[in-house]
file protein-v7.txt (compact mmCIF, C-alpha atoms)
# COMPACT_ATOMS: atom_id res chain seq x y z
CA PHE P 1 -2.45 4.71 6.59
CA TYR P 2 -3.84 3.43 9.87
CA GLY P 3 -7.47 2.54 10.46
CA TYR P 4 -10.18 -0.13 10.42
CA ILE P 5 -10.64 -2.97 7.96
CA TYR P 6 -13.99 -2.49 6.24
CA GLU P 7 -15.92 -5.73 5.65
CA GLY P 8 -19.15 -4.47 4.14
CA VAL P 9 -22.56 -3.80 5.68
CA TYR P 10 -24.89 -5.57 8.11
CA LEU P 11 -27.62 -6.40 5.60
CA THR P 12 -30.31 -7.49 8.09
CA ALA P 13 -31.32 -6.65 11.63
CA ALA P 14 -30.79 -10.29 12.61
CA GLU P 15 -27.24 -10.22 11.26
CA ALA P 16 -26.39 -7.07 13.22
CA GLN P 17 -27.95 -8.43 16.42
CA SER P 18 -26.22 -11.81 16.17
CA SER P 19 -22.81 -10.14 15.78
CA GLY P 20 -23.19 -8.56 19.23
CA LYS P 21 -20.69 -5.86 18.27
CA VAL P 22 -20.68 -2.29 19.53
CA ASN P 23 -18.61 0.76 18.64
CA ASP P 24 -16.13 2.55 20.89
CA ARG P 25 -19.05 4.32 22.65
CA TYR P 26 -20.77 0.97 23.21
CA VAL P 27 -23.55 1.77 20.73
CA LYS P 28 -24.84 -1.39 19.07
CA TYR P 29 -24.53 -1.78 15.34
CA GLN P 30 -27.81 -2.03 13.46
CA ALA P 31 -28.92 -3.15 10.01
CA GLY P 32 -27.30 -0.92 7.37
CA ASP P 33 -24.27 -0.09 9.50
CA ALA P 34 -20.69 -0.70 8.44
CA ARG P 35 -18.96 -3.93 9.43
CA PHE P 36 -15.43 -3.46 10.69
CA LYS P 37 -13.08 -6.35 11.45
CA ASP P 38 -12.79 -7.12 15.18
CA ILE P 39 -9.02 -7.69 15.35
CA SER P 40 -8.26 -7.48 19.03
CA GLY P 41 -9.12 -6.12 22.46
CA PRO P 42 -7.31 -5.19 25.70
CA ASN P 43 -6.47 -8.86 26.30
CA GLY P 44 -5.18 -9.46 22.77
CA ALA P 45 -8.29 -11.26 21.53
CA PRO P 46 -11.42 -10.04 19.68
CA ASP P 47 -13.87 -8.64 22.24
CA GLY P 48 -16.85 -7.45 20.17
CA VAL P 49 -15.94 -3.79 20.65
CA ILE P 50 -14.73 -1.85 17.61
CA ASN P 51 -12.20 0.63 18.96
CA SER P 52 -8.54 1.64 18.72
CA TYR P 53 -7.44 -1.98 19.38
CA ASP P 54 -8.91 -2.89 16.01
CA LYS P 55 -7.01 -0.29 13.99
CA THR P 56 -4.11 -1.52 11.91
CA VAL P 57 -1.92 -0.55 8.97
CA ILE P 58 -4.22 -0.49 5.93
CA GLY P 59 -1.88 0.86 3.27
CA SER P 60 1.05 3.08 2.39
CA SER P 61 1.51 5.94 -0.05
CA ASN P 62 5.04 4.70 -0.77
CA PRO P 63 5.13 2.66 -4.00
CA GLY P 64 6.82 -0.71 -4.13
CA ASN P 65 7.99 -0.09 -7.68
CA PHE P 66 8.11 2.89 -10.00
CA GLY P 67 9.88 3.82 -13.18
CA GLY P 68 9.59 4.54 -16.84
CA MET P 69 10.73 3.44 -20.26
CA GLY P 70 11.49 5.56 -23.29
CA ASN P 71 12.41 4.54 -26.81
CA THR P 72 12.88 5.97 -30.27
CA PHE P 73 11.84 4.08 -33.39
CA THR P 74 13.17 5.34 -36.72
CA TYR P 75 12.41 4.52 -40.34
CA LYS P 76 14.08 6.57 -43.01
CA ARG P 77 13.06 10.15 -42.22
CA TRP P 78 10.39 9.20 -39.73
CA ALA P 79 10.96 9.01 -35.96
CA LEU P 80 8.58 7.87 -33.22
CA ASN P 81 9.49 8.77 -29.63
CA THR P 82 7.59 7.22 -26.73
CA PHE P 83 7.78 7.42 -22.97
CA ILE P 84 5.75 5.22 -20.60
CA GLN P 85 5.79 5.47 -16.80
CA PHE P 86 4.39 3.24 -14.08
CA VAL P 87 3.83 3.08 -10.33
CA SER P 88 2.76 0.00 -8.37
CA GLY P 89 2.34 -1.18 -4.80
CA ASN P 90 1.02 2.04 -3.26
CA GLU P 91 -2.36 3.00 -1.78
CA LEU P 92 -4.24 6.30 -1.88
CA PHE P 93 -6.76 7.89 0.48
CA ASN P 94 -9.57 9.16 -1.75
CA PHE P 95 -10.63 12.11 0.41
CA VAL P 96 -12.87 13.41 -2.37
CA ARG P 97 -14.88 10.18 -2.31
CA TYR P 98 -15.01 10.35 1.49
CA GLN P 99 -16.57 13.81 1.24
CA ASN P 100 -19.06 12.67 -1.40
CA GLU P 101 -20.08 9.32 0.09
CA SER P 102 -19.94 9.68 3.88
CA MET P 103 -23.61 10.81 4.10
CA ILE P 104 -23.13 12.48 7.49
CA GLY P 105 -24.48 15.96 6.76
CA LEU P 106 -26.67 18.01 4.45
CA GLY P 107 -24.08 18.54 1.71
CA ASN P 108 -24.49 17.17 -1.80
CA GLN P 109 -23.29 13.61 -2.35
CA SER P 110 -22.34 11.60 -5.41
CA THR P 111 -24.77 9.36 -7.27
CA ARG P 112 -22.98 6.33 -5.78
CA VAL P 113 -24.90 6.86 -2.52
CA LEU P 114 -28.13 6.01 -4.36
CA ASN P 115 -27.02 2.44 -3.72
CA ARG P 116 -26.92 2.96 0.07
CA TRP P 117 -28.65 0.51 2.42
CA GLU P 118 -32.36 1.35 2.84
CA TYR P 119 -34.25 -1.83 3.73
CA ASP P 120 -33.71 -5.13 5.52
CA GLY P 121 -31.92 -7.67 3.35
CA GLN P 122 -30.82 -5.24 0.65
CA GLN P 123 -27.63 -6.41 -1.07
CA THR P 124 -25.20 -3.48 -1.04
CA GLY P 125 -21.77 -2.47 0.12
CA MET P 126 -22.82 1.12 0.94
CA PRO P 127 -23.93 1.82 4.56
CA ARG P 128 -27.13 3.67 5.43
CA ALA P 129 -27.31 7.47 5.56
CA LEU P 130 -26.97 8.63 9.15
CA TYR P 131 -26.85 12.30 10.13
CA ASN P 132 -23.68 13.14 12.13
CA ASP P 133 -22.81 9.43 11.99
CA PRO P 134 -23.03 8.52 15.71
CA ILE P 135 -22.22 4.87 14.94
CA GLY P 136 -19.05 5.66 12.96
CA ASN P 137 -19.95 4.24 9.54
CA SER P 138 -17.67 6.77 7.85
CA ASP P 139 -14.68 6.18 10.16
CA PHE P 140 -11.29 5.99 8.47
CA SER P 141 -10.99 2.50 7.06
CA THR P 142 -10.13 0.48 3.98
CA ARG P 143 -13.43 1.72 2.56
CA TRP P 144 -11.63 4.92 1.56
CA ILE P 145 -8.30 3.36 0.58
CA GLU P 146 -7.70 2.53 -3.07
CA ASP P 147 -4.96 0.99 -5.17
CA GLY P 148 -2.76 3.78 -6.54
CA SER P 149 -0.98 1.68 -9.17
CA TYR P 150 -1.08 2.95 -12.73
CA LEU P 151 0.51 2.66 -16.16
CA ARG P 152 0.58 5.88 -18.18
CA ILE P 153 1.49 6.63 -21.76
CA ASN P 154 3.18 9.87 -20.84
CA ASN P 155 4.39 11.13 -24.18
CA VAL P 156 4.31 10.13 -27.83
CA SER P 157 5.93 12.18 -30.58
CA LEU P 158 5.98 11.50 -34.33
CA SER P 159 8.34 13.54 -36.52
CA TYR P 160 9.43 13.75 -40.15
CA SER P 161 12.77 15.30 -41.07
CA ILE P 162 13.76 17.02 -44.29
CA PRO P 163 17.56 17.00 -44.29
CA SER P 164 17.90 18.93 -47.54
CA GLU P 165 17.20 22.61 -48.11
CA PHE P 166 13.64 23.62 -47.29
CA MET P 167 12.60 27.01 -48.61
CA VAL P 168 15.24 29.39 -47.21
CA PHE P 169 16.26 26.97 -44.44
CA LYS P 170 18.92 24.27 -44.50
CA ASN P 171 16.58 21.64 -43.06
CA ALA P 172 13.25 21.24 -41.29
CA LYS P 173 11.43 18.85 -39.04
CA PHE P 174 7.67 18.51 -38.80
CA TYR P 175 6.28 16.88 -35.66
CA ILE P 176 3.15 16.14 -33.68
CA SER P 177 3.25 15.12 -30.02
CA GLY P 178 0.83 14.26 -27.28
CA SER P 179 1.27 14.05 -23.51
CA ASN P 180 -0.74 12.28 -20.83
CA LEU P 181 -2.52 10.33 -23.53
CA PHE P 182 -3.81 7.33 -21.62
CA THR P 183 -3.72 6.04 -18.04
CA LEU P 184 -4.52 2.48 -17.04
CA SER P 185 -5.61 2.46 -13.37
CA LYS P 186 -8.31 1.15 -11.03
CA TYR P 187 -8.29 4.39 -9.04
CA LEU P 188 -11.74 6.05 -8.87
CA GLY P 189 -10.41 9.59 -8.49
CA TYR P 190 -9.48 12.09 -11.20
CA ASP P 191 -5.81 11.15 -11.42
CA PRO P 192 -3.69 8.64 -9.43
CA GLU P 193 -0.67 10.94 -9.76
CA PHE P 194 -0.93 14.01 -7.53
CA SER P 195 0.95 15.86 -4.80
CA PHE P 196 -0.83 18.24 -2.43
CA SER P 197 2.34 19.06 -0.47
CA SER P 198 5.99 18.09 -0.15
CA ALA P 199 5.35 16.98 3.46
CA HIS P 200 5.38 13.20 3.73
CA VAL P 201 2.50 13.12 6.22
CA VAL P 202 0.00 14.22 3.56
CA GLN P 203 1.36 12.15 0.65
CA GLY P 204 -1.20 9.87 -0.93
CA ILE P 205 -4.20 11.97 0.17
CA ASP P 206 -6.35 13.08 -2.77
CA TYR P 207 -7.90 16.47 -2.05
CA GLY P 208 -9.25 16.81 -5.57
CA LEU P 209 -6.49 18.79 -7.24
CA THR P 210 -6.90 19.64 -10.93
CA PRO P 211 -5.80 16.53 -12.87
CA GLN P 212 -3.02 16.65 -15.42
CA PRO P 213 -4.38 17.77 -18.80
CA ARG P 214 -4.11 15.85 -22.03
CA GLN P 215 -2.13 18.01 -24.46
CA PHE P 216 -1.33 17.90 -28.18
CA VAL P 217 1.30 19.96 -29.98
CA ILE P 218 1.92 20.38 -33.68
CA GLY P 219 5.11 22.14 -34.71
CA ILE P 220 7.90 22.78 -37.17
CA LYS P 221 11.60 23.08 -36.40
CA PHE P 222 13.77 24.97 -38.88
CA GLY P 223 17.56 24.71 -39.23
CA LEU P 224 19.41 27.86 -40.26
call {"tool": "encode", "arguments": {"input": "protein-v7.txt", "output": "structure tokens"}}
result
Amino acid sequence: FYGYIYEGVYLTAAEAQSSGKVNDRYVKYQAGDARFKDISGPNGAPDGVINSYDKTVIGSSNPGNFGGMGNTFTYKRWALNTFIQFVSGNELFNFVRYQNESMIGLGNQSTRVLNRWEYDGQQTGMPRALYNDPIGNSDFSTRWIEDGSYLRINNVSLSYSIPSEFMVFKNAKFYISGSNLFTLSKYLGYDPEFSFSSAHVVQGIDYGLTPQPRQFVIGIKFGL
């Protein structure tokens, strides 16, 4: 992911004026506008203009580590099977949140925008609402990038076996299992594990696909 580094909001008119910064169309930032880090300019030094020179790598959809661990615990005729998976070191572009918090049109927005900047000195990290966004408050930046790391209890199954004859069967096993039971993650979207396409260019972009369901199964296995 390549974009700006989001540093919050200009909370007062004096703060915006003293920064002296303008966007790539040389429009001055005002109170309530987003603050982006001034990294560089044509001469290699910060120049007070937020443009393509200030864009940088702000994350990657490729995880640093991923894996899983499964185990079976047994006690007499009881057996407990577990499988846990994890992913860490990757970032996700929450496109759903971008659509619901950008405040650039007339479409419905999430309740999070109720905390948007509205008056001088207000303490908030949400920029002001601005139709069509001429200043670029909703530009692609770390504001929309989130940690995609998670730890998930993927599957747990508890079973009880009857090795001797059961009714007309030689043996039987009763079991109950659950999948996608619990996910520990800081991600604000529905599910940190998703894939819109097999193309690498769109990996890590959350378009709001249906999240994985939590499922429970109760069953009996008979041996003939």
call {"tool": "residues_around", "arguments": {"input": "protein-v7.txt", "residues": "range 81-91 of chain P", "least_positions_apart": "5", "cutoff": "8 Å", "atoms": "only C-alpha atoms", "output": "MDAnalysis selection string"}}
result
chainID P and resid 59:73 145:158 204
call {"tool": "closest_residue", "arguments": {"input": "protein-v7.txt", "among": "P:Phe196, P:Tyr98, P:Tyr207, P:Tyr160", "to": "Ala172 in chain P", "atoms": "all atoms listed in the file"}}
result
P:Tyr160
call {"tool": "atom_distance", "arguments": {"input": "protein-v7.txt", "atom1": "CA of Ala129 in chain P", "atom2": "CA of Tyr29 in chain P"}}
result
13.7 Å
call {"tool": "atom_distance", "arguments": {"input": "protein-v7.txt", "atom1": "CA of Gln215 in chain P", "atom2": "CA of Ser161 in chain P"}}
result
22.5 Å
call {"tool": "atom_distance", "arguments": {"input": "protein-v7.txt", "atom1": "CA of Pro46 in chain P", "atom2": "CA of Gly121 in chain P"}}
result
26.3 Å
call {"tool": "closest_residue", "arguments": {"input": "protein-v7.txt", "among": "P:Ala31, P:Ile205, P:Ile58, P:Ala13", "to": "Ile135 in chain P", "atoms": "only C-alpha atoms"}}
result
P:Ala31
call {"tool": "closest_residue", "arguments": {"input": "protein-v7.txt", "among": "P:Asn137, P:Asn23, P:Thr210, P:Ser164", "to": "Gly189 in chain P", "atoms": "only C-alpha atoms"}}
result
P:Thr210
call {"tool": "residues_around", "arguments": {"input": "protein-v7.txt", "residues": "Leu209 in chain P", "least_positions_apart": "3", "cutoff": "10 Å", "atoms": "all atoms listed in the file", "output": "mmCIF file with C-alpha atoms, keeping the file's coordinate frame"}}
result
data_model
loop_
_atom_site.group_PDB
_atom_site.id
_atom_site.type_symbol
_atom_site.label_atom_id
_atom_site.label_comp_id
_atom_site.auth_asym_id
_atom_site.auth_seq_id
_atom_site.Cartn_x
_atom_site.Cartn_y
_atom_site.Cartn_z
ATOM 1 C CA VAL P 96 -12.870 13.410 -2.370
ATOM 2 C CA TYR P 190 -9.480 12.090 -11.200
ATOM 3 C CA ASP P 191 -5.810 11.150 -11.420
ATOM 4 C CA PHE P 194 -0.930 14.010 -7.530
ATOM 5 C CA SER P 195 0.950 15.860 -4.800
ATOM 6 C CA PHE P 196 -0.830 18.240 -2.430
ATOM 7 C CA ASP P 206 -6.350 13.080 -2.770
ATOM 8 C CA GLN P 212 -3.020 16.650 -15.420
#
call {"tool": "residues_around", "arguments": {"input": "protein-v7.txt", "residues": "Gly223 in chain P", "least_positions_apart": "5", "cutoff": "6 Å", "atoms": "all atoms listed in the file", "output": "list in words"}}
result
Phe169, Lys170, Asn171 and Ala172 of chain P
call {"tool": "write_last_selection", "arguments": {"input": "protein-v7.txt", "atoms": "C-alpha atoms", "output": "short mmCIF file (atom, residue, chain, number, x, y, z; two decimals), in the coordinates of the input"}}
result
data_model
loop_
_atom_site.label_atom_id
_atom_site.label_comp_id
_atom_site.auth_asym_id
_atom_site.auth_seq_id
_atom_site.Cartn_x
_atom_site.Cartn_y
_atom_site.Cartn_z
CA PHE P 169 16.26 26.97 -44.44
CA LYS P 170 18.92 24.27 -44.50
CA ASN P 171 16.58 21.64 -43.06
CA ALA P 172 13.25 21.24 -41.29
#
call {"tool": "axis_aligned_box", "arguments": {"input": "protein-v7.txt", "around": "range 10-24 of chain P", "padding_each_side": "8 Å", "output": "lines of an AutoDock Vina configuration file"}}
result
center_x = -23.7
center_y = -4.6
center_z = 13.2
size_x = 31.2
size_y = 30.4
size_z = 31.3
call {"tool": "residues_around", "arguments": {"input": "protein-v7.txt", "residues": "Lys21 in chain P", "least_positions_apart": "5", "cutoff": "10 Å", "atoms": "all atoms listed in the file", "output": "tab-separated table (two decimals) with C-alpha atoms, in the frame of the given file"}}
result
chain	number	residue	atom	x	y	z
P	16	ALA	CA	-26.39	-7.07	13.22
P	26	TYR	CA	-20.77	0.97	23.21
P	27	VAL	CA	-23.55	1.77	20.73
P	28	LYS	CA	-24.84	-1.39	19.07
P	29	TYR	CA	-24.53	-1.78	15.34
P	30	GLN	CA	-27.81	-2.03	13.46
P	35	ARG	CA	-18.96	-3.93	9.43
P	36	PHE	CA	-15.43	-3.46	10.69
P	38	ASP	CA	-12.79	-7.12	15.18
P	47	ASP	CA	-13.87	-8.64	22.24
P	48	GLY	CA	-16.85	-7.45	20.17
P	49	VAL	CA	-15.94	-3.79	20.65
P	50	ILE	CA	-14.73	-1.85	17.61
call {"tool": "closest_residue", "arguments": {"input": "protein-v7.txt", "among": "P:Leu184, P:Val113, P:Ala34, P:Val22", "to": "Thr142 in chain P", "atoms": "all atoms listed in the file"}}
result
P:Ala34
call {"tool": "closest_residue", "arguments": {"input": "protein-v7.txt", "among": "P:Leu80, P:Pro134, P:Glu101, P:Ser198", "to": "Ser177 in chain P", "atoms": "only C-alpha atoms"}}
result
P:Leu80
call {"tool": "closest_residue", "arguments": {"input": "protein-v7.txt", "among": "P:Pro42, P:Tyr2, P:Glu15, P:Leu224", "to": "Met167 in chain P", "atoms": "only C-alpha atoms"}}
result
P:Leu224
call {"tool": "decode", "arguments": {"input": "protein-v7.txt", "residues": "range 22-49 of chain P", "atoms": "N, CA, C and O atoms", "output": "PDB file, in the first residue's frame"}}
result
ATOM      1  N   VAL P  22      -0.219  23.367   2.174  1.00  0.00           N
ATOM      2  CA  VAL P  22      -1.245  23.367   1.138  1.00  0.00           C
ATOM      3  C   VAL P  22      -1.280  21.978   0.502  1.00  0.00           C
ATOM      4  O   VAL P  22      -0.326  21.200   0.627  1.00  0.00           O
ATOM      5  N   ASN P  23      -2.372  21.679  -0.192  1.00  0.00           N
ATOM      6  CA  ASN P  23      -2.443  20.379  -0.863  1.00  0.00           C
ATOM      7  C   ASN P  23      -1.817  20.458  -2.249  1.00  0.00           C
ATOM      8  O   ASN P  23      -1.201  21.474  -2.612  1.00  0.00           O
ATOM      9  N   ASP P  24      -1.970  19.426  -3.040  1.00  0.00           N
ATOM     10  CA  ASP P  24      -1.307  19.386  -4.348  1.00  0.00           C
ATOM     11  C   ASP P  24      -1.905  20.370  -5.350  1.00  0.00           C
ATOM     12  O   ASP P  24      -1.349  20.570  -6.438  1.00  0.00           O
ATOM     13  N   ARG P  25      -3.034  21.010  -5.004  1.00  0.00           N
ATOM     14  CA  ARG P  25      -3.623  22.058  -5.847  1.00  0.00           C
ATOM     15  C   ARG P  25      -3.400  23.431  -5.223  1.00  0.00           C
ATOM     16  O   ARG P  25      -4.048  24.397  -5.594  1.00  0.00           O
ATOM     17  N   TYR P  26      -2.526  23.461  -4.228  1.00  0.00           N
ATOM     18  CA  TYR P  26      -2.132  24.682  -3.518  1.00  0.00           C
ATOM     19  C   TYR P  26      -3.309  25.336  -2.802  1.00  0.00           C
ATOM     20  O   TYR P  26      -3.379  26.566  -2.680  1.00  0.00           O
ATOM     21  N   VAL P  27      -4.238  24.503  -2.326  1.00  0.00           N
ATOM     22  CA  VAL P  27      -5.338  24.965  -1.483  1.00  0.00           C
ATOM     23  C   VAL P  27      -4.894  24.830  -0.033  1.00  0.00           C
ATOM     24  O   VAL P  27      -4.415  23.773   0.378  1.00  0.00           O
ATOM     25  N   LYS P  28      -5.042  25.889   0.748  1.00  0.00           N
ATOM     26  CA  LYS P  28      -4.580  25.864   2.128  1.00  0.00           C
ATOM     27  C   LYS P  28      -5.467  24.990   3.009  1.00  0.00           C
ATOM     28  O   LYS P  28      -6.683  24.982   2.865  1.00  0.00           O
ATOM     29  N   TYR P  29      -4.823  24.283   3.907  1.00  0.00           N
ATOM     30  CA  TYR P  29      -5.563  23.485   4.877  1.00  0.00           C
ATOM     31  C   TYR P  29      -6.187  24.402   5.927  1.00  0.00           C
ATOM     32  O   TYR P  29      -5.588  25.396   6.332  1.00  0.00           O
ATOM     33  N   GLN P  30      -7.396  24.038   6.355  1.00  0.00           N
ATOM     34  CA  GLN P  30      -8.118  24.818   7.339  1.00  0.00           C
ATOM     35  C   GLN P  30      -8.424  23.963   8.570  1.00  0.00           C
ATOM     36  O   GLN P  30      -8.150  22.761   8.587  1.00  0.00           O
ATOM     37  N   ALA P  31      -8.973  24.602   9.585  1.00  0.00           N
ATOM     38  CA  ALA P  31      -9.352  23.877  10.797  1.00  0.00           C
ATOM     39  C   ALA P  31     -10.319  22.756  10.432  1.00  0.00           C
ATOM     40  O   ALA P  31     -11.266  22.959   9.661  1.00  0.00           O
ATOM     41  N   GLY P  32     -10.087  21.562  10.975  1.00  0.00           N
ATOM     42  CA  GLY P  32     -10.932  20.407  10.677  1.00  0.00           C
ATOM     43  C   GLY P  32     -10.426  19.550   9.544  1.00  0.00           C
ATOM     44  O   GLY P  32     -10.958  18.461   9.312  1.00  0.00           O
ATOM     45  N   ASP P  33      -9.394  20.013   8.843  1.00  0.00           N
ATOM     46  CA  ASP P  33      -8.836  19.232   7.736  1.00  0.00           C
ATOM     47  C   ASP P  33      -7.826  18.207   8.249  1.00  0.00           C
ATOM     48  O   ASP P  33      -7.268  18.343   9.343  1.00  0.00           O
ATOM     49  N   ALA P  34      -7.586  17.203   7.429  1.00  0.00           N
ATOM     50  CA  ALA P  34      -6.646  16.145   7.789  1.00  0.00           C
ATOM     51  C   ALA P  34      -5.213  16.661   7.759  1.00  0.00           C
ATOM     52  O   ALA P  34      -4.856  17.509   6.928  1.00  0.00           O
ATOM     53  N   ARG P  35      -4.412  16.136   8.662  1.00  0.00           N
ATOM     54  CA  ARG P  35      -2.981  16.462   8.690  1.00  0.00           C
ATOM     55  C   ARG P  35      -2.211  15.277   8.128  1.00  0.00           C
ATOM     56  O   ARG P  35      -2.290  14.162   8.644  1.00  0.00           O
ATOM     57  N   PHE P  36      -1.496  15.525   7.039  1.00  0.00           N
ATOM     58  CA  PHE P  36      -0.657  14.497   6.442  1.00  0.00           C
ATOM     59  C   PHE P  36       0.812  14.867   6.635  1.00  0.00           C
ATOM     60  O   PHE P  36       1.171  16.047   6.595  1.00  0.00           O
ATOM     61  N   LYS P  37       1.646  13.881   6.839  1.00  0.00           N
ATOM     62  CA  LYS P  37       3.062  14.125   7.086  1.00  0.00           C
ATOM     63  C   LYS P  37       3.747  14.655   5.839  1.00  0.00           C
ATOM     64  O   LYS P  37       3.627  14.099   4.757  1.00  0.00           O
ATOM     65  N   ASP P  38       4.458  15.785   6.009  1.00  0.00           N
ATOM     66  CA  ASP P  38       5.216  16.405   4.921  1.00  0.00           C
ATOM     67  C   ASP P  38       6.600  15.739   4.891  1.00  0.00           C
ATOM     68  O   ASP P  38       7.515  16.151   5.602  1.00  0.00           O
ATOM     69  N   ILE P  39       6.746  14.730   4.060  1.00  0.00           N
ATOM     70  CA  ILE P  39       7.975  13.930   4.037  1.00  0.00           C
ATOM     71  C   ILE P  39       9.071  14.576   3.206  1.00  0.00           C
ATOM     72  O   ILE P  39      10.224  14.664   3.632  1.00  0.00           O
ATOM     73  N   SER P  40       8.691  15.041   2.026  1.00  0.00           N
ATOM     74  CA  SER P  40       9.714  15.536   1.115  1.00  0.00           C
ATOM     75  C   SER P  40       9.110  16.466   0.067  1.00  0.00           C
ATOM     76  O   SER P  40       7.900  16.704   0.042  1.00  0.00           O
ATOM     77  N   GLY P  41       9.976  16.983  -0.786  1.00  0.00           N
ATOM     78  CA  GLY P  41       9.586  17.845  -1.892  1.00  0.00           C
ATOM     79  C   GLY P  41      10.512  17.589  -3.077  1.00  0.00           C
ATOM     80  O   GLY P  41      11.329  16.663  -3.044  1.00  0.00           O
ATOM     81  N   PRO P  42      10.440  18.404  -4.121  1.00  0.00           N
ATOM     82  CA  PRO P  42      11.297  18.205  -5.294  1.00  0.00           C
ATOM     83  C   PRO P  42      12.791  18.223  -4.960  1.00  0.00           C
ATOM     84  O   PRO P  42      13.594  17.574  -5.638  1.00  0.00           O
ATOM     85  N   ASN P  43      13.154  18.959  -3.919  1.00  0.00           N
ATOM     86  CA  ASN P  43      14.577  19.070  -3.560  1.00  0.00           C
ATOM     87  C   ASN P  43      14.992  18.088  -2.464  1.00  0.00           C
ATOM     88  O   ASN P  43      16.094  18.187  -1.918  1.00  0.00           O
ATOM     89  N   GLY P  44      14.082  17.164  -2.120  1.00  0.00           N
ATOM     90  CA  GLY P  44      14.415  16.161  -1.118  1.00  0.00           C
ATOM     91  C   GLY P  44      14.188  16.591   0.309  1.00  0.00           C
ATOM     92  O   GLY P  44      14.604  15.889   1.231  1.00  0.00           O
ATOM     93  N   ALA P  45      13.566  17.742   0.515  1.00  0.00           N
ATOM     94  CA  ALA P  45      13.288  18.234   1.865  1.00  0.00           C
ATOM     95  C   ALA P  45      11.824  18.656   1.951  1.00  0.00           C
ATOM     96  O   ALA P  45      11.218  19.040   0.942  1.00  0.00           O
ATOM     97  N   PRO P  46      11.213  18.606   3.136  1.00  0.00           N
ATOM     98  CA  PRO P  46       9.820  19.034   3.296  1.00  0.00           C
ATOM     99  C   PRO P  46       9.629  20.458   2.768  1.00  0.00           C
ATOM    100  O   PRO P  46      10.422  21.355   3.063  1.00  0.00           O
ATOM    101  N   ASP P  47       8.554  20.658   1.995  1.00  0.00           N
ATOM    102  CA  ASP P  47       8.341  21.959   1.349  1.00  0.00           C
ATOM    103  C   ASP P  47       6.987  22.576   1.667  1.00  0.00           C
ATOM    104  O   ASP P  47       6.618  23.606   1.081  1.00  0.00           O
ATOM    105  N   GLY P  48       6.205  21.959   2.555  1.00  0.00           N
ATOM    106  CA  GLY P  48       4.908  22.523   2.909  1.00  0.00           C
ATOM    107  C   GLY P  48       3.806  22.214   1.922  1.00  0.00           C
ATOM    108  O   GLY P  48       2.682  22.684   2.095  1.00  0.00           O
ATOM    109  N   VAL P  49       4.105  21.424   0.903  1.00  0.00           N
ATOM    110  CA  VAL P  49       3.108  21.032  -0.093  1.00  0.00           C
ATOM    111  C   VAL P  49       2.890  19.522   0.025  1.00  0.00           C
ATOM    112  O   VAL P  49       3.838  18.745  -0.109  1.00  0.00           O
TER     113      VAL P  49
END
